[in-house]
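Structure below is run_35.cif: mmCIF, C-alpha atoms.
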data_run
#
loop_
_atom_site.group_PDB
_atom_site.id
_atom_site.type_symbol
_atom_site.label_atom_id
_atom_site.label_comp_id
_atom_site.auth_asym_id
_atom_site.auth_seq_id
_atom_site.Cartn_x
_atom_site.Cartn_y
_atom_site.Cartn_z
ATOM 1 C CA MET A 1 -24.024 -3.739 17.808
ATOM 2 C CA SER A 2 -21.075 -1.367 17.467
ATOM 3 C CA ALA A 3 -20.212 0.426 14.251
ATOM 4 C CA ASP A 4 -17.426 -0.903 12.046
ATOM 5 C CA LEU A 5 -14.668 1.710 12.231
ATOM 6 C CA SER A 6 -12.317 0.019 9.751
ATOM 7 C CA PRO A 7 -10.497 2.295 7.297
ATOM 8 C CA THR A 8 -12.949 1.391 4.519
ATOM 9 C CA THR A 9 -16.049 2.612 6.365
ATOM 10 C CA ARG A 10 -14.879 5.652 8.317
ATOM 11 C CA PRO A 11 -13.718 8.615 6.221
ATOM 12 C CA ILE A 12 -10.266 10.070 6.793
ATOM 13 C CA ARG A 13 -10.629 13.347 8.686
ATOM 14 C CA SER A 14 -7.624 15.567 8.284
ATOM 15 C CA VAL A 15 -8.004 18.358 10.830
ATOM 16 C CA ALA A 16 -5.128 20.767 11.384
ATOM 17 C CA PRO A 17 -4.431 21.868 14.939
ATOM 18 C CA ALA A 18 -4.970 25.541 15.829
ATOM 19 C CA ASP A 19 -1.621 26.173 17.549
ATOM 20 C CA PRO A 20 1.057 27.332 15.040
ATOM 21 C CA ALA A 21 3.786 25.068 16.489
ATOM 22 C CA ALA A 22 1.409 22.089 16.409
ATOM 23 C CA GLN A 23 0.409 23.028 12.845
ATOM 24 C CA LEU A 24 4.045 22.930 11.774
ATOM 25 C CA GLN A 25 4.523 19.461 13.337
ATOM 26 C CA TRP A 26 1.281 18.289 11.692
ATOM 27 C CA LEU A 27 2.502 19.482 8.274
ATOM 28 C CA VAL A 28 5.898 17.799 8.755
ATOM 29 C CA ASP A 29 4.178 14.558 9.827
ATOM 30 C CA ARG A 30 1.881 14.674 6.785
ATOM 31 C CA ALA A 31 4.867 15.180 4.468
ATOM 32 C CA ARG A 32 6.782 12.300 6.063
ATOM 33 C CA ILE A 33 3.761 9.985 5.848
ATOM 34 C CA SER A 34 3.192 10.928 2.199
ATOM 35 C CA ASP A 35 6.878 10.224 1.521
ATOM 36 C CA LEU A 36 6.479 6.808 3.186
ATOM 37 C CA LEU A 37 3.566 5.990 0.854
ATOM 38 C CA VAL A 38 5.652 6.969 -2.177
ATOM 39 C CA GLU A 39 8.625 4.950 -0.878
ATOM 40 C CA PHE A 40 6.331 1.933 -0.466
ATOM 41 C CA ALA A 41 5.499 1.999 -4.201
ATOM 42 C CA ARG A 42 9.108 2.708 -5.217
ATOM 43 C CA SER A 43 10.486 -0.182 -3.171
ATOM 44 C CA LEU A 44 7.974 -2.599 -4.710
ATOM 45 C CA ASP A 45 8.737 -1.542 -8.274
ATOM 46 C CA GLU A 46 12.506 -1.498 -7.820
ATOM 47 C CA ARG A 47 12.300 -4.915 -6.119
ATOM 48 C CA ASP A 48 13.872 -3.568 -2.953
ATOM 49 C CA TRP A 49 12.271 -6.176 -0.689
ATOM 50 C CA GLN A 50 14.405 -5.320 2.346
ATOM 51 C CA GLY A 51 13.677 -1.625 1.900
ATOM 52 C CA ASN A 52 9.951 -2.380 1.647
ATOM 53 C CA THR A 53 10.029 -4.570 4.757
ATOM 54 C CA ASP A 54 11.865 -1.836 6.685
ATOM 55 C CA LEU A 55 8.878 0.482 6.132
ATOM 56 C CA TYR A 56 6.848 -1.640 8.588
ATOM 57 C CA VAL A 57 6.935 -2.050 12.351
ATOM 58 C CA PRO A 58 8.282 -5.546 13.233
ATOM 59 C CA GLU A 59 4.747 -6.965 13.604
ATOM 60 C CA GLY A 60 3.458 -5.158 10.488
ATOM 61 C CA VAL A 61 0.810 -6.714 8.244
ATOM 62 C CA MET A 62 0.238 -6.446 4.493
ATOM 63 C CA SER A 63 -2.926 -7.905 3.000
ATOM 64 C CA VAL A 64 -4.611 -8.035 -0.384
ATOM 65 C CA GLY A 65 -8.317 -8.541 0.152
ATOM 66 C CA ASP A 66 -8.973 -12.018 1.513
ATOM 67 C CA SER A 67 -6.498 -13.655 -0.872
ATOM 68 C CA PHE A 68 -3.319 -13.302 1.143
ATOM 69 C CA ARG A 69 -1.768 -11.827 4.257
ATOM 70 C CA LEU A 70 1.853 -11.368 5.287
ATOM 71 C CA GLU A 71 2.576 -10.672 8.954
ATOM 72 C CA GLY A 72 5.917 -9.702 10.485
ATOM 73 C CA HIS A 73 9.218 -8.861 8.815
ATOM 74 C CA GLU A 74 10.088 -12.471 7.958
ATOM 75 C CA GLN A 75 6.863 -12.979 6.015
ATOM 76 C CA LEU A 76 6.944 -9.465 4.522
ATOM 77 C CA MET A 77 10.261 -10.352 2.847
ATOM 78 C CA ARG A 78 8.212 -12.861 0.781
ATOM 79 C CA THR A 79 6.629 -9.940 -1.090
ATOM 80 C CA GLY A 80 9.263 -10.557 -3.765
ATOM 81 C CA SER A 81 8.877 -14.335 -3.932
ATOM 82 C CA ASP A 82 7.845 -16.278 -7.034
ATOM 83 C CA ARG A 83 4.322 -16.367 -5.584
ATOM 84 C CA GLY A 84 4.453 -12.609 -4.916
ATOM 85 C CA LEU A 85 5.641 -9.718 -7.039
ATOM 86 C CA GLY A 86 8.720 -11.677 -8.110
ATOM 87 C CA GLN A 87 6.564 -13.594 -10.595
ATOM 88 C CA TYR A 88 6.233 -10.502 -12.792
ATOM 89 C CA ALA A 89 8.756 -9.186 -15.330
ATOM 90 C CA GLY A 90 8.165 -5.762 -13.800
ATOM 91 C CA THR A 91 5.632 -3.724 -11.879
ATOM 92 C CA TRP A 92 4.551 -0.110 -11.624
ATOM 93 C CA HIS A 93 2.521 1.040 -8.621
ATOM 94 C CA LEU A 94 1.020 4.494 -8.254
ATOM 95 C CA SER A 95 -0.063 5.770 -4.856
ATOM 96 C CA ALA A 96 -1.915 9.083 -5.212
ATOM 97 C CA ASN A 97 -4.383 11.427 -3.494
ATOM 98 C CA HIS A 98 -3.029 10.727 -0.024
ATOM 99 C CA ALA A 99 -5.692 11.318 2.637
ATOM 100 C CA ILE A 100 -3.919 11.403 6.004
ATOM 101 C CA GLU A 101 -5.385 11.509 9.510
ATOM 102 C CA ILE A 102 -2.954 11.928 12.417
ATOM 103 C CA ASP A 103 -3.815 11.217 16.042
ATOM 104 C CA GLY A 104 -0.704 11.720 18.163
ATOM 105 C CA ASP A 105 1.698 8.888 17.363
ATOM 106 C CA ASP A 106 -0.834 6.989 15.233
ATOM 107 C CA ALA A 107 -2.154 7.726 11.752
ATOM 108 C CA ARG A 108 -4.512 6.361 9.104
ATOM 109 C CA THR A 109 -4.217 6.884 5.387
ATOM 110 C CA ARG A 110 -6.179 6.121 2.270
ATOM 111 C CA SER A 111 -4.556 6.600 -1.108
ATOM 112 C CA TYR A 112 -5.532 5.694 -4.618
ATOM 113 C CA LEU A 113 -3.817 2.627 -6.049
ATOM 114 C CA LEU A 114 -3.020 1.802 -9.649
ATOM 115 C CA GLY A 115 -0.839 -1.260 -10.169
ATOM 116 C CA VAL A 116 0.488 -2.558 -13.489
ATOM 117 C CA HIS A 117 2.070 -6.029 -13.514
ATOM 118 C CA MET A 118 4.076 -7.036 -16.605
ATOM 119 C CA LEU A 119 3.573 -10.730 -17.394
ATOM 120 C CA GLY A 120 6.562 -10.971 -19.748
ATOM 121 C CA GLN A 121 8.681 -8.885 -22.079
ATOM 122 C CA ASP A 122 5.705 -7.930 -24.276
ATOM 123 C CA GLN A 123 4.626 -4.513 -23.008
ATOM 124 C CA PHE A 124 1.032 -5.253 -24.004
ATOM 125 C CA ASP A 125 0.869 -8.382 -21.816
ATOM 126 C CA HIS A 126 0.000 -7.103 -18.359
ATOM 127 C CA ALA A 127 -2.401 -7.485 -15.445
ATOM 128 C CA ASP A 128 -3.668 -4.317 -13.801
ATOM 129 C CA GLY A 129 -5.590 -3.449 -10.689
ATOM 130 C CA GLY A 130 -6.976 -0.298 -9.142
ATOM 131 C CA GLY A 131 -8.422 0.638 -5.802
ATOM 132 C CA TRP A 132 -7.032 1.897 -2.520
ATOM 133 C CA TYR A 133 -4.236 1.430 -0.070
ATOM 134 C CA ASP A 134 -5.796 1.666 3.415
ATOM 135 C CA CYS A 135 -3.012 1.944 5.976
ATOM 136 C CA THR A 136 -2.439 2.412 9.659
ATOM 137 C CA LEU A 137 0.856 3.851 10.845
ATOM 138 C CA ARG A 138 2.790 4.443 14.036
ATOM 139 C CA ARG A 139 5.468 6.986 14.873
ATOM 140 C CA THR A 140 8.628 5.124 15.939
ATOM 141 C CA PRO A 141 12.144 6.290 16.873
ATOM 142 C CA ASP A 142 12.999 5.622 13.190
ATOM 143 C CA GLY A 143 10.096 7.718 11.907
ATOM 144 C CA TRP A 144 6.630 6.759 10.688
ATOM 145 C CA ARG A 145 6.178 3.050 9.903
ATOM 146 C CA PHE A 146 3.290 0.962 8.581
ATOM 147 C CA VAL A 147 1.363 -1.143 11.059
ATOM 148 C CA THR A 148 -1.013 -2.371 8.360
ATOM 149 C CA VAL A 149 -1.235 -1.975 4.594
ATOM 150 C CA ALA A 150 -4.523 -3.264 3.192
ATOM 151 C CA VAL A 151 -4.863 -3.368 -0.582
ATOM 152 C CA ARG A 152 -8.528 -2.940 -1.504
ATOM 153 C CA GLU A 153 -8.996 -3.725 -5.180
ATOM 154 C CA VAL A 154 -11.982 -2.199 -6.934
ATOM 155 C CA TRP A 155 -11.225 -3.228 -10.506
ATOM 156 C CA ASN A 156 -8.904 -5.347 -12.627
ATOM 157 C CA ALA A 157 -8.005 -5.025 -16.308
ATOM 158 C CA GLY A 158 -5.770 -6.769 -18.810
ATOM 159 C CA GLU A 159 -4.934 -10.349 -17.882
ATOM 160 C CA PRO A 160 -6.252 -11.603 -14.521
ATOM 161 C CA LEU A 161 -3.997 -11.151 -11.528
ATOM 162 C CA PRO A 162 -3.259 -14.594 -10.045
ATOM 163 C CA HIS A 163 -4.853 -13.834 -6.672
ATOM 164 C CA THR A 164 -8.202 -13.001 -8.303
ATOM 165 C CA GLY A 165 -8.738 -16.670 -9.167
ATOM 166 C CA LYS A 166 -10.194 -15.721 -12.551
ATOM 167 C CA PRO A 167 -9.085 -17.673 -15.630
ATOM 168 C CA ALA A 168 -7.203 -15.936 -18.412
ATOM 169 C CA VAL A 169 -9.325 -15.063 -21.432
ATOM 170 C CA PRO A 170 -7.715 -16.199 -24.714
ATOM 171 C CA ALA A 171 -6.698 -13.318 -26.974
ATOM 172 C CA GLN A 172 -8.920 -12.687 -30.010
ATOM 173 C CA GLN A 173 -7.170 -13.636 -33.263
#

Please re-express this file's structure in structure tokens.
Amino acid sequence: MSADLSPTTRPIRSVAPADPAAQLQWLVDRARISDLLVEFARSLDERDWQGNTDLYVPEGVMSVGDSFRLEGHEQLMRTGSDRGLGQYAGTWHLSANHAIEIDGDDARTRSYLLGVHMLGQDQFDHADGGGWYDCTLRRTPDGWRFVTVAVREVWNAGEPLPHTGKPAVPAQQ
């Protein structure tokens, strides 16, 4: 039986090359990948669905646990649908502590995720989740792009997120 080398079981190993020119390229790549992770969150929260889709290779995949999977640019545009993030009055996603491993033209990342999903105009009515973004990336002529973005939720708070399948708990009066 072979070991599972998925992003959730194999730690990110960020090892800088020894050659100064290679070190510089490595640092530039890390900065560009970190910027891509930040742009991913920005595009979701500003409802820039085309901009978010453009961050992926054409066959890119976004998944949230086992609850849903979007594959390819046409499906990725559904991120903003009424069954996706479009159902919320607003969202705020934080991607932090970017661990980045680069291997030539491929990379893996793991970053902390905190997502707040506003259920209406009442700022106290929200559904939150925390965990990780586990991503694979590829260097393209247009720069680094996501091949996969896997949302790995560890916890939820506030009202239940629809994909959790948990019923809403009535508010205490």

For this session: Between atom CA of Gln121 of chain A and atom CA of Arg78 of chain A, measure the distance and give it in Å to one decimal.
Result: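 Separation between atom CA of Gln121 of chain A and atom CA of Arg78 of chain A: 23.2 Å.
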
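Of the listed residues (A:Val151, A:Ala127, A:Ala16, A:Leu113), A:Ala127 comes nearest to Gly90 of chain A; the distances count only C-alpha atoms.
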
Exercise. What separation in Å, quoted to one decimal, exists between atom CA of Leu55 of chain A and atom CA of Arg138 of chain A?
Worked result: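 Taking atom CA of Leu55 of chain A as the start and atom CA of Arg138 of chain A as the end point, the length is 10.7 Å.
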
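Our summary of the geometry notes that atom CA of Gly158 of chain A is positioned 25.4 Å from atom CA of Asp48 of chain A.
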
Exercise. The PyMOL selection byres ((chain A and resi 79) around 12) on the file shown: which residues, as a PyMOL selection string?
Worked result: chain A and resi 40+43-45+47-53+61-64+68-78+80-88

Seminar exercise, completed: One residue among A:Pro11, A:Asp105, A:Ser67, A:Leu27 is nearest to Arg145 of chain A when using all atoms listed in the file, and that residue is A:Asp105

Exercise. Hey, what comes out of the PyMOL selection byres ((chain A and resi 118) around 10) on this file? Could you write it as an NGL selection string?
Worked result: :A and (87-92 or 115-117 or 119-128 or 159)

For this session: List the residues matched by the PyMOL selection byres ((chain A and resi 28-31) around 12) in the displayed structure as an NGL selection string, ordered by chain and then by residue number.
Result: :A and (14-16 or 21-27 or 32-38 or 98-109 or 137-139 or 143-145)

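Closest approach to Pro58 of chain A among A:Ile12, A:Val147, A:Ala41, A:Leu161 is made by A:Val147 (distances from only C-alpha atoms).
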
Test item: axis-aligned box, all listed atoms of segment 50-59 of chain A, 3 Å on each side, centre and edges in Å rounded to one decimal, as lines of an AutoDock Vina configuration file:
center_x = 9.6
center_y = -3.2
center_z = 7.6
size_x = 15.7
size_y = 13.4
size_z = 18.0

Exercise. Quick one: residues within 6 Å of Gly129 of chain A, all atoms listed in the file counted, chain neighbours fewer than 2 positions away excluded, as an NGL selection string?
Worked result: :A and (114-115 or 155-156)
